[in-house]
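Contents: one structure, followed by commentary.
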Amino acid sequence: ELVGPKTKGMTGSALTLTLMGAELALAKGLMDAGAYEKAIEGFSRSFNLAAENIERCVSWCGEHPEMAQAPHMIVVADGMALPAALEGALKVLETLYVPVFAYEFEEYLHGVNNTLNPQSWMIHLIPEGENRGRFLALSDFAEEQGGHNFIISSGTPTTRAGELNLAASGNELTLPFEMLLPFHAISALISQIKGINCDKPQFKDFAQRLHTKA
């Protein structure tokens, strides 16, 4: 993380709570030893893939500097990818200084879809899973409306334009941590293209006047 607002505190807390939950489930008999070992192995695989995924994220941002022109963004996700969408949207908002909204897939389909137009900027988080076909249908439909569409996928590539495909552990518990990496890259690299120094506050006296920091 090269810019001021950091996600490592939230990420560390979420990881700690996830591992604590697995330990508790094992101790209480809610998770058998085999499932527990698979979860731990999944985290190990995910961490080993992180460096490769970061390189992919950096290359993807380099291929799409037009993201710096976005007046707003909408991120759509579901399942275990949704936590990454929520935190990622906040991080991009904090660093690119534009409104960024995160919506659960079904929520987006029932009303928010009416905002689609040639000025739309969307990021679709599409991991493997039974809902992938519907996600791709939404991405294709949004593309037909002439907007700017990007896909962050894991597992099998979707082969759509604007796609960033991530290597995944195959365990859904690691998905939020994998899907969050692209938003770090957007914040660090696209903010530079926009000429934003995220190490300096946008408003110097905001924290003092609103008492947001001790």
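By convention here, the chains of the structure tokens are called A, B, ... in the order presented, each chain's residues are numbered starting at 1, and ligands are numbered starting at 1 in the order presented.
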request  = Write out as a list in words which residues come within 6 Å of Ser46 (chain A) when counting only C-alpha atoms, dropping same-chain ones fewer than 3 positions away.
outcome  =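 Those residues are Phe43, Leu49 and Ser169 of chain A.
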Filtering to all heavy atoms, could you give me those residues as a compact mmCIF listing (two decimals), in the first residue's frame?
```
# COMPACT_ATOMS: atom_id res chain seq x y z
N PHE A 43 -5.52 -20.67 2.86
CA PHE A 43 -4.86 -19.40 3.19
C PHE A 43 -3.39 -19.43 2.80
O PHE A 43 -2.86 -18.44 2.29
CB PHE A 43 -5.02 -19.09 4.68
CG PHE A 43 -6.33 -18.43 5.01
CD1 PHE A 43 -7.34 -19.15 5.64
CD2 PHE A 43 -6.57 -17.11 4.68
CE1 PHE A 43 -8.56 -18.55 5.93
CE2 PHE A 43 -7.77 -16.50 4.97
CZ PHE A 43 -8.78 -17.23 5.60
N LEU A 49 0.24 -16.87 -3.56
CA LEU A 49 -0.16 -16.32 -4.86
C LEU A 49 -0.20 -14.79 -4.85
O LEU A 49 -0.35 -14.17 -5.91
CB LEU A 49 -1.55 -16.84 -5.25
CG LEU A 49 -1.66 -18.33 -5.58
CD1 LEU A 49 -3.13 -18.73 -5.69
CD2 LEU A 49 -0.94 -18.63 -6.89
N SER A 169 -7.04 -19.39 -4.48
CA SER A 169 -6.74 -20.61 -3.73
C SER A 169 -7.78 -21.68 -3.96
O SER A 169 -7.53 -22.87 -3.73
CB SER A 169 -6.68 -20.29 -2.24
OG SER A 169 -7.99 -20.08 -1.71
```
So that I can check the surroundings of region 70-76 of chain A, please list as an mmCIF file with C-alpha atoms, in the first residue's frame every protein, DNA and RNA residue that reaches within 6 Å of it, counting only C-alpha atoms and ignoring chain neighbours fewer than 5 positions away.
```
data_model
loop_
_atom_site.group_PDB
_atom_site.id
_atom_site.type_symbol
_atom_site.label_atom_id
_atom_site.label_comp_id
_atom_site.auth_asym_id
_atom_site.auth_seq_id
_atom_site.Cartn_x
_atom_site.Cartn_y
_atom_site.Cartn_z
ATOM 1 C CA VAL A 98 -14.942 10.477 -6.624
ATOM 2 C CA PRO A 99 -18.151 8.742 -5.469
ATOM 3 C CA VAL A 100 -17.806 4.952 -5.483
ATOM 4 C CA PHE A 101 -20.756 2.711 -4.644
ATOM 5 C CA ALA A 102 -20.781 -1.032 -3.889
ATOM 6 C CA TYR A 103 -23.920 -3.089 -4.502
ATOM 7 C CA GLU A 104 -24.841 -6.689 -3.866
ATOM 8 C CA PHE A 105 -25.662 -8.351 -7.195
ATOM 9 C CA TRP A 121 -18.174 3.138 -14.891
ATOM 10 C CA MET A 122 -18.592 -0.368 -13.473
ATOM 11 C CA ILE A 123 -16.361 -2.975 -11.883
ATOM 12 C CA HIS A 124 -17.810 -6.499 -11.727
#
```
Region 4-87 of chain A residues near region 175-191 of chain A within 10 Å, closest pair each, using only C-alpha atoms, as a tab-separated table:
```
residue	atom	partner	partner_atom	distance
A:Gly4	CA	A:Ala188	CA	9.0
A:Pro5	CA	A:Ser187	CA	9.0
A:Lys6	CA	A:His184	CA	8.8
A:Thr7	CA	A:His184	CA	8.2
A:Thr11	CA	A:Phe177	CA	7.4
A:Gly12	CA	A:Phe177	CA	10.0
A:Ala14	CA	A:Phe177	CA	9.1
A:Leu15	CA	A:Phe177	CA	8.4
A:Gly42	CA	A:Leu175	CA	9.9
A:Phe43	CA	A:Phe177	CA	9.5
A:Ser46	CA	A:Glu178	CA	7.2
A:Phe47	CA	A:Glu178	CA	8.8
A:Leu49	CA	A:Glu178	CA	8.9
A:Ala50	CA	A:Glu178	CA	7.5
A:Asn53	CA	A:Leu181	CA	7.6
A:Ile54	CA	A:Leu181	CA	6.7
A:Glu55	CA	A:Ala185	CA	9.5
A:Arg56	CA	A:Pro182	CA	8.6
A:Cys57	CA	A:Pro182	CA	5.3
A:Val58	CA	A:Ala185	CA	6.0
A:Ser59	CA	A:Ala185	CA	9.4
A:Trp60	CA	A:Pro182	CA	8.6
A:Cys61	CA	A:Ile186	CA	6.4
A:Gly62	CA	A:Leu189	CA	8.1
A:His64	CA	A:Ile190	CA	9.0
A:Pro65	CA	A:Ile190	CA	6.7
A:Glu66	CA	A:Ile190	CA	8.8
A:Met67	CA	A:Ile190	CA	6.9
A:Ala68	CA	A:Ile190	CA	5.6
A:Gln69	CA	A:Ile190	CA	9.4
A:Gly79	CA	A:Pro176	CA	9.5
A:Met80	CA	A:Pro176	CA	6.0
A:Ala81	CA	A:Pro176	CA	5.3
A:Leu82	CA	A:Pro176	CA	7.5
A:Pro83	CA	A:Pro176	CA	6.1
A:Ala84	CA	A:Pro176	CA	4.9
A:Ala85	CA	A:Leu180	CA	7.4
A:Leu86	CA	A:Leu180	CA	9.5
A:Glu87	CA	A:Leu180	CA	7.7
```
Export of prior selection with C-alpha atoms as a CSV table (one decimal), in the first residue's frame:
```
chain,number,residue,atom,x,y,z
A,4,GLY,CA,-2.0,7.4,2.8
A,5,PRO,CA,-5.3,5.6,3.6
A,6,LYS,CA,-4.4,2.0,4.6
A,7,THR,CA,-6.5,-1.1,4.5
A,11,THR,CA,-7.4,-6.7,6.5
A,12,GLY,CA,-5.5,-7.8,9.6
A,14,ALA,CA,-10.7,-9.6,9.3
A,15,LEU,CA,-8.0,-12.3,8.9
A,42,GLY,CA,-6.3,-22.4,1.3
A,43,PHE,CA,-4.9,-19.4,3.2
A,46,SER,CA,-3.6,-17.6,-1.3
A,47,PHE,CA,-0.6,-15.9,0.5
A,49,LEU,CA,-0.2,-16.3,-4.9
A,50,ALA,CA,-0.3,-12.7,-3.6
A,53,ASN,CA,-1.6,-11.3,-8.2
A,54,ILE,CA,-0.1,-7.9,-7.2
A,55,GLU,CA,1.9,-8.0,-10.5
A,56,ARG,CA,-1.3,-8.7,-12.4
A,57,CYS,CA,-3.1,-5.8,-10.7
A,58,VAL,CA,-0.2,-3.4,-11.4
A,59,SER,CA,-0.2,-4.4,-15.1
A,60,TRP,CA,-4.0,-4.1,-15.3
A,61,CYS,CA,-4.0,-0.6,-14.0
A,62,GLY,CA,-1.2,0.3,-16.4
A,64,HIS,CA,-6.4,1.1,-18.1
A,65,PRO,CA,-5.2,4.6,-17.2
A,66,GLU,CA,-8.7,5.8,-18.4
A,67,MET,CA,-10.0,4.9,-14.9
A,68,ALA,CA,-8.5,8.2,-13.8
A,69,GLN,CA,-11.2,9.9,-15.9
A,79,GLY,CA,-21.2,-13.9,-1.8
A,80,MET,CA,-17.7,-13.8,-0.3
A,81,ALA,CA,-16.6,-11.2,-2.9
A,82,LEU,CA,-19.0,-8.6,-1.5
A,83,PRO,CA,-16.8,-7.7,1.6
A,84,ALA,CA,-14.0,-6.9,-0.8
A,85,ALA,CA,-16.3,-4.7,-2.9
A,86,LEU,CA,-17.5,-2.8,0.1
A,87,GLU,CA,-14.0,-2.1,1.5
```
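Minimum atom-to-atom distances from A:Ala22, A:Leu136, A:Gln145, A:Glu94 to Thr159 (chain A) were compared using only C-alpha atoms, and the lowest value belongs to A:Leu136.
Put simply, CA of Glu128 (chain A) is 12.1 Å away from CA of Ala77 (chain A).
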ask   = Counting only C-alpha atoms, which of A:Leu116, A:Leu173, A:Ile151, A:Ile196 gets nearest to Leu17 (chain A)?
value = A:Leu173
request  = Step one, run DSSP on the backbone; step two, keep only residues of region 79-198 of chain A assigned to alpha helix (DSSP H); then write them as a ChimeraX atom specification.
outcome  = /A:82-96,105-109,132-144,175-185,191-193
Filtering to C-alpha atoms, could you give me those residues as a compact mmCIF listing (two decimals), in the first residue's frame?
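Writing done, so here's part-v9.txt:
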```txt
# COMPACT_ATOMS: atom_id res chain seq x y z
CA LEU A 82 -19.00 -8.65 -1.45
CA PRO A 83 -16.82 -7.70 1.57
CA ALA A 84 -13.98 -6.87 -0.83
CA ALA A 85 -16.34 -4.73 -2.92
CA LEU A 86 -17.51 -2.78 0.12
CA GLU A 87 -14.03 -2.10 1.48
CA GLY A 88 -12.55 -1.60 -1.98
CA ALA A 89 -15.17 0.99 -2.90
CA LEU A 90 -14.37 2.97 0.23
CA LYS A 91 -10.64 2.83 -0.44
CA VAL A 92 -11.01 4.05 -4.03
CA LEU A 93 -13.35 6.84 -2.91
CA GLU A 94 -10.78 7.93 -0.32
CA THR A 95 -7.95 8.08 -2.83
CA LEU A 96 -9.49 9.10 -6.18
CA PHE A 105 -25.66 -8.35 -7.19
CA GLU A 106 -29.41 -8.85 -6.67
CA GLU A 107 -29.75 -5.38 -5.17
CA TYR A 108 -28.15 -3.89 -8.26
CA LEU A 109 -30.52 -5.76 -10.60
CA ARG A 132 -21.13 -16.56 -12.83
CA GLY A 133 -23.36 -16.88 -15.88
CA ARG A 134 -25.75 -14.20 -14.62
CA PHE A 135 -22.83 -11.93 -13.73
CA LEU A 136 -21.47 -12.24 -17.24
CA ALA A 137 -24.92 -11.50 -18.66
CA LEU A 138 -24.99 -8.29 -16.61
CA SER A 139 -21.51 -7.34 -17.77
CA ASP A 140 -22.46 -7.97 -21.39
CA PHE A 141 -25.66 -5.95 -21.03
CA ALA A 142 -23.79 -3.05 -19.43
CA GLU A 143 -21.26 -3.17 -22.26
CA GLU A 144 -24.09 -2.90 -24.78
CA LEU A 175 -11.72 -14.75 -1.69
CA PRO A 176 -12.21 -11.38 0.09
CA PHE A 177 -8.46 -11.00 0.60
CA GLU A 178 -7.69 -11.89 -3.03
CA MET A 179 -10.38 -9.63 -4.49
CA LEU A 180 -9.26 -6.66 -2.41
CA LEU A 181 -5.81 -6.44 -4.04
CA PRO A 182 -6.96 -4.69 -7.25
CA PHE A 183 -8.44 -1.85 -5.24
CA HIS A 184 -5.07 -1.28 -3.57
CA ALA A 185 -3.55 -0.99 -7.03
CA SER A 191 -4.37 8.38 -7.94
CA GLN A 192 -0.87 9.12 -9.27
CA ILE A 193 -2.25 9.54 -12.79
```
message = Could you check the closest approach to Leu125 (chain A) for each of A:Asn48, A:Asn165, A:Thr18, A:Ser153 and tell me which residue wins, using only C-alpha atoms?
response = A:Ser153
query = How would you write, as a PyMOL selection string, the set of residues in chain A that DSSP gives as strand (DSSP E or B)?
reply = chain A and resi 73-77+100-104+121-126+148-154+163-166
Take the residues just selected and output them with C-alpha atoms as a short mmCIF file (atom, residue, chain, number, x, y, z; two decimals), in the first residue's frame.
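After the write, selection36.cif holds the following:
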```cif
data_model
loop_
_atom_site.label_atom_id
_atom_site.label_comp_id
_atom_site.auth_asym_id
_atom_site.auth_seq_id
_atom_site.Cartn_x
_atom_site.Cartn_y
_atom_site.Cartn_z
CA MET A 73 -17.72 4.09 -10.08
CA ILE A 74 -20.10 1.27 -9.19
CA VAL A 75 -18.78 -2.07 -7.91
CA VAL A 76 -21.06 -5.12 -8.07
CA ALA A 77 -20.39 -8.38 -6.21
CA VAL A 100 -17.81 4.95 -5.48
CA PHE A 101 -20.76 2.71 -4.64
CA ALA A 102 -20.78 -1.03 -3.89
CA TYR A 103 -23.92 -3.09 -4.50
CA GLU A 104 -24.84 -6.69 -3.87
CA TRP A 121 -18.17 3.14 -14.89
CA MET A 122 -18.59 -0.37 -13.47
CA ILE A 123 -16.36 -2.98 -11.88
CA HIS A 124 -17.81 -6.50 -11.73
CA LEU A 125 -16.28 -8.94 -9.21
CA ILE A 126 -16.83 -12.39 -10.74
CA HIS A 148 -17.00 1.60 -19.20
CA ASN A 149 -16.90 -1.93 -17.82
CA PHE A 150 -14.14 -3.82 -16.01
CA ILE A 151 -14.15 -7.37 -14.71
CA ILE A 152 -12.12 -8.71 -11.80
CA SER A 153 -12.38 -12.50 -11.97
CA SER A 154 -10.77 -15.44 -10.23
CA GLU A 163 -10.67 -8.21 -17.40
CA LEU A 164 -8.24 -8.71 -14.56
CA ASN A 165 -7.98 -12.42 -13.80
CA LEU A 166 -6.59 -13.36 -10.40
#
```
query = Which is closer to Glu172 (chain A) than all the others in A:Pro127, A:Asp32, A:Ala27, A:Gly9, using only C-alpha atoms?
reply =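 When distances to Glu172 (chain A) are compared using only C-alpha atoms, the smallest one comes from A:Pro127.
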